[in-house]
Amino acid sequence: MNWDWEKLNQQQRQKPPMPPQVDDLLKQFKNLKIPGGPILIVVVLIAILAFTSFYTIGVDEVGVVLRFGRYVRTSQPGLNFKLPAGVEQVEKVKVRRVYKEEFGFLTVEPSNRSRFSAENENTNVALMLTGDLNVALVPWIIQYRIKDPYNYLFKVRDVRRLLRDLSEAAMRLVVGDRSINEVITKREEIADQARLVLQKELDHAETGIHIQTIEMKKTNVPGPVQTSFNEVNQAVQEKEQTIYQAREDYNKAIPAAKGEAERTIKAAEGFALDRINRAKGDAARFTALYKEYSKAKDVTKRRLYLEMIRDLFPKLGEKYIVDSDQKNFLPLLNLGKQSGAPK
C-alpha cells in the first residue's frame, strides 16, 4: 500500500481555527452599536421590576410575605404588591383546602366508593393495645385545615410529621382507656375524644392546624387472632343470651307469683270483709228486733211465730193436724191434695 506523503504533510501544516477569546467578545460587544440602547435597557428593567413586584393570591389561599427571609405581613386574595425579587418573596398557603392524613391504610382508588389497602409501611400504626390488654387494628383518617399560616410555616420544622406523631399518640391514649368491645362498637365516641386531645396538643405546639374531623374506619383484631376472637365473642354472646333468657323467665315467674299472692290476699280480705259486714248486719238486725220485742213482747212473739209458720208451711209437703183430745190422726181439709196447694 502506497502512502500519499505529500498530502499528509500538507494536512499537518494546516492548523485548526482557534475559538474566540473572552476579551475579543467583550471588545466586539463594546463596539456594537444598538439604536435606542439605553431606552431598551430601562424598559427591560421596568418590566422585570413590574413582573417581580406584583403577584396574585387565589381565593382559597393567603400570601406570607418575607423580607430578606423575615416575616413582614400576610396578603389576602387578589392582586398584591411587594418589593422586587431579592428583597421580598411570597409563600402561598392554602387556608381553605381540607388536607387529609391516613393511618393504617392507603386509599387505592378515591371515588364515591373508595377502595382501601392496608399493605403499606404505616400498617403497624393501626396496631394498638386496648385497656383490657387486647390488640386491636384501628385505622383512621384525619381531615384538617391551616388556620394560622405564620405558625404553620415558621413555628414547626416538619408540620406533617409532627401531626402524624401527635395523632398516633392521641389515638393510642384514647384507645388505651377502652375495652376491645368499646373500640369496635363506639368508634364515633372515640374519634370525638381523640380529636379534642389532638387539637389541644397541636395548639400547644403552635402548629397553626385546625382538625376538622377524625373518622375511624372498620376496627377489628389482627388476622392471626381473628378466629380466637370470634370464638370468644360467640361465647360471650351465648353467655349474655343465657342471662337474658334467665332474666326473662324470672320476670315472667316472679310477677305472676306476686300477682297470684296479691290476688289471694285481696280475695281473703274481701271474704273477711264480707263476713264481718254480714255479721254486723245480722247483729244490727237482731238488735233492732230485740228492741222491738222488748217494747211489745207478745205481739212480736206472735208475729215472729206467724212469719216462721208462713215460711215453713210451704216446705212441709202433706200436713196433718192432730187434735189433742183425739187419739187418732185427723186429716184437716186434705191440705196436701188440694189443687194448687204446694207440696
# chains A, B, ... in the order shown; residues from 1 in each chain; ligands from 1
>>> select_by_dssp(residues="region 211-281 of chain A", states="strand (DSSP E or B)", output="PyMOL selection string")
chain A and resi 211-216+220
>>> write_last_selection(atoms="C-alpha atoms", output="short mmCIF file (atom, residue, chain, number, x, y, z; two decimals), in the first residue's frame")
data_model
loop_
_atom_site.label_atom_id
_atom_site.label_comp_id
_atom_site.auth_asym_id
_atom_site.auth_seq_id
_atom_site.Cartn_x
_atom_site.Cartn_y
_atom_site.Cartn_z
CA ILE A 211 -58.63 19.48 62.98
CA GLN A 212 -61.90 19.25 61.07
CA THR A 213 -62.81 15.62 61.70
CA ILE A 214 -61.35 12.30 62.75
CA GLU A 215 -63.04 9.33 61.10
CA MET A 216 -62.38 5.81 62.31
CA ASN A 220 -61.07 -5.23 64.10
#
>>> closest_residue(among="A:Ile265, A:Ile209, A:Val175, A:Val93", to="Val159 (chain A)", atoms="only C-alpha atoms")
A:Ile209
>>> residues_around(residues="Pro149 (chain A)", least_positions_apart="3", cutoff="7 Å", atoms="only C-alpha atoms", output="number ranges by chain")
A: 93, 146, 152-153, 208
>>> write_last_selection(atoms="C-alpha atoms", output="PDB file, in the first residue's frame")
ATOM      1  CA  VAL A  93     -50.556  28.901  51.832  1.00  0.00           C
ATOM      2  CA  ILE A 146     -54.401  25.546  58.090  1.00  0.00           C
ATOM      3  CA  TYR A 152     -47.663  26.613  60.087  1.00  0.00           C
ATOM      4  CA  LEU A 153     -44.616  27.884  58.161  1.00  0.00           C
ATOM      5  CA  GLY A 208     -51.401  26.527  63.102  1.00  0.00           C
TER       6      GLY A 208
END
>>> decode(residues="region 178-285 of chain A", atoms="C-alpha atoms", output="mmCIF file, in the first residue's frame")
data_model
loop_
_atom_site.group_PDB
_atom_site.id
_atom_site.type_symbol
_atom_site.label_atom_id
_atom_site.label_comp_id
_atom_site.auth_asym_id
_atom_site.auth_seq_id
_atom_site.Cartn_x
_atom_site.Cartn_y
_atom_site.Cartn_z
ATOM 1 C CA ARG A 178 -61.260 1.413 76.377
ATOM 2 C CA SER A 179 -62.017 -2.278 76.117
ATOM 3 C CA ILE A 180 -61.829 -4.127 72.814
ATOM 4 C CA ASN A 181 -65.626 -4.213 72.548
ATOM 5 C CA GLU A 182 -65.862 -0.458 73.115
ATOM 6 C CA VAL A 183 -63.180 0.164 70.486
ATOM 7 C CA ILE A 184 -65.183 -1.864 67.958
ATOM 8 C CA THR A 185 -68.662 -0.546 68.791
ATOM 9 C CA LYS A 186 -68.064 3.059 69.951
ATOM 10 C CA ARG A 187 -65.932 4.424 67.114
ATOM 11 C CA GLU A 188 -67.641 7.826 66.877
ATOM 12 C CA GLU A 189 -67.226 8.482 70.594
ATOM 13 C CA ILE A 190 -63.542 7.523 70.457
ATOM 14 C CA ALA A 191 -62.982 9.685 67.355
ATOM 15 C CA ASP A 192 -64.524 12.754 69.037
ATOM 16 C CA GLN A 193 -62.412 12.307 72.165
ATOM 17 C CA ALA A 194 -59.245 11.784 70.113
ATOM 18 C CA ARG A 195 -59.980 14.967 68.124
ATOM 19 C CA LEU A 196 -60.193 17.024 71.316
ATOM 20 C CA VAL A 197 -56.947 15.572 72.670
ATOM 21 C CA LEU A 198 -55.126 16.068 69.358
ATOM 22 C CA GLN A 199 -56.336 19.658 68.890
ATOM 23 C CA LYS A 200 -55.152 20.565 72.376
ATOM 24 C CA GLU A 201 -51.662 19.228 71.652
ATOM 25 C CA LEU A 202 -51.478 20.917 68.238
ATOM 26 C CA ASP A 203 -52.440 24.277 69.750
ATOM 27 C CA HIS A 204 -49.828 23.812 72.459
ATOM 28 C CA ALA A 205 -47.175 23.128 69.784
ATOM 29 C CA GLU A 206 -48.314 26.210 67.771
ATOM 30 C CA THR A 207 -48.675 24.270 64.539
ATOM 31 C CA GLY A 208 -51.401 26.527 63.102
ATOM 32 C CA ILE A 209 -53.540 23.475 62.232
ATOM 33 C CA HIS A 210 -57.252 23.036 62.934
ATOM 34 C CA ILE A 211 -58.630 19.483 62.982
ATOM 35 C CA GLN A 212 -61.897 19.251 61.068
ATOM 36 C CA THR A 213 -62.813 15.621 61.700
ATOM 37 C CA ILE A 214 -61.346 12.296 62.747
ATOM 38 C CA GLU A 215 -63.043 9.334 61.096
ATOM 39 C CA MET A 216 -62.379 5.814 62.313
ATOM 40 C CA LYS A 217 -62.656 3.055 59.744
ATOM 41 C CA LYS A 218 -63.723 -0.528 60.479
ATOM 42 C CA THR A 219 -61.992 -1.611 63.668
ATOM 43 C CA ASN A 220 -61.066 -5.234 64.100
ATOM 44 C CA VAL A 221 -58.452 -7.532 65.574
ATOM 45 C CA PRO A 222 -55.337 -8.712 63.690
ATOM 46 C CA GLY A 223 -55.752 -11.642 61.314
ATOM 47 C CA PRO A 224 -53.789 -14.261 63.330
ATOM 48 C CA VAL A 225 -56.126 -13.879 66.321
ATOM 49 C CA GLN A 226 -59.351 -13.319 64.380
ATOM 50 C CA THR A 227 -60.575 -16.918 64.815
ATOM 51 C CA SER A 228 -59.943 -16.975 68.559
ATOM 52 C CA PHE A 229 -61.529 -13.564 68.954
ATOM 53 C CA ASN A 230 -64.661 -14.726 67.107
ATOM 54 C CA GLU A 231 -64.898 -17.774 69.372
ATOM 55 C CA VAL A 232 -64.595 -15.579 72.453
ATOM 56 C CA ASN A 233 -67.275 -13.235 71.124
ATOM 57 C CA GLN A 234 -69.547 -16.173 70.388
ATOM 58 C CA ALA A 235 -69.069 -17.497 73.930
ATOM 59 C CA VAL A 236 -69.775 -14.047 75.373
ATOM 60 C CA GLN A 237 -72.914 -13.744 73.241
ATOM 61 C CA GLU A 238 -74.126 -17.174 74.360
ATOM 62 C CA LYS A 239 -73.470 -16.197 77.977
ATOM 63 C CA GLU A 240 -75.402 -12.968 77.562
ATOM 64 C CA GLN A 241 -78.212 -14.813 75.779
ATOM 65 C CA THR A 242 -78.468 -17.298 78.661
ATOM 66 C CA ILE A 243 -78.512 -14.450 81.178
ATOM 67 C CA TYR A 244 -81.214 -12.625 79.223
ATOM 68 C CA GLN A 245 -83.276 -15.830 78.960
ATOM 69 C CA ALA A 246 -82.966 -16.400 82.709
ATOM 70 C CA ARG A 247 -83.971 -12.811 83.378
ATOM 71 C CA GLU A 248 -86.920 -13.190 81.032
ATOM 72 C CA ASP A 249 -88.095 -16.321 82.852
ATOM 73 C CA TYR A 250 -87.545 -14.576 86.176
ATOM 74 C CA ASN A 251 -89.529 -11.547 85.018
ATOM 75 C CA LYS A 252 -92.345 -13.848 83.936
ATOM 76 C CA ALA A 253 -92.467 -16.152 87.004
ATOM 77 C CA ILE A 254 -91.892 -13.675 89.829
ATOM 78 C CA PRO A 255 -94.518 -11.110 88.763
ATOM 79 C CA ALA A 256 -97.005 -13.953 88.136
ATOM 80 C CA ALA A 257 -96.370 -15.372 91.617
ATOM 81 C CA LYS A 258 -96.607 -11.936 93.155
ATOM 82 C CA GLY A 259 -99.850 -11.307 91.285
ATOM 83 C CA GLU A 260 -101.336 -14.616 92.413
ATOM 84 C CA ALA A 261 -100.321 -13.925 96.020
ATOM 85 C CA GLU A 262 -101.786 -10.443 95.822
ATOM 86 C CA ARG A 263 -104.997 -11.831 94.318
ATOM 87 C CA THR A 264 -105.279 -14.441 97.100
ATOM 88 C CA ILE A 265 -104.668 -11.810 99.747
ATOM 89 C CA LYS A 266 -107.255 -9.476 98.238
ATOM 90 C CA ALA A 267 -109.770 -12.337 97.964
ATOM 91 C CA ALA A 268 -109.210 -13.256 101.602
ATOM 92 C CA GLU A 269 -109.543 -9.653 102.633
ATOM 93 C CA GLY A 270 -112.753 -9.361 100.607
ATOM 94 C CA PHE A 271 -114.149 -12.566 102.111
ATOM 95 C CA ALA A 272 -113.259 -11.394 105.627
ATOM 96 C CA LEU A 273 -114.834 -8.013 104.953
ATOM 97 C CA ASP A 274 -117.976 -9.684 103.609
ATOM 98 C CA ARG A 275 -118.263 -11.969 106.635
ATOM 99 C CA ILE A 276 -117.688 -9.100 109.014
ATOM 100 C CA ASN A 277 -120.250 -6.913 107.275
ATOM 101 C CA ARG A 278 -122.770 -9.768 107.223
ATOM 102 C CA ALA A 279 -122.160 -10.423 110.900
ATOM 103 C CA LYS A 280 -122.540 -6.762 111.696
ATOM 104 C CA GLY A 281 -125.726 -6.634 109.650
ATOM 105 C CA ASP A 282 -127.168 -9.702 111.361
ATOM 106 C CA ALA A 283 -126.214 -8.304 114.730
ATOM 107 C CA ALA A 284 -127.799 -4.972 113.888
ATOM 108 C CA ARG A 285 -130.952 -6.672 112.639
#
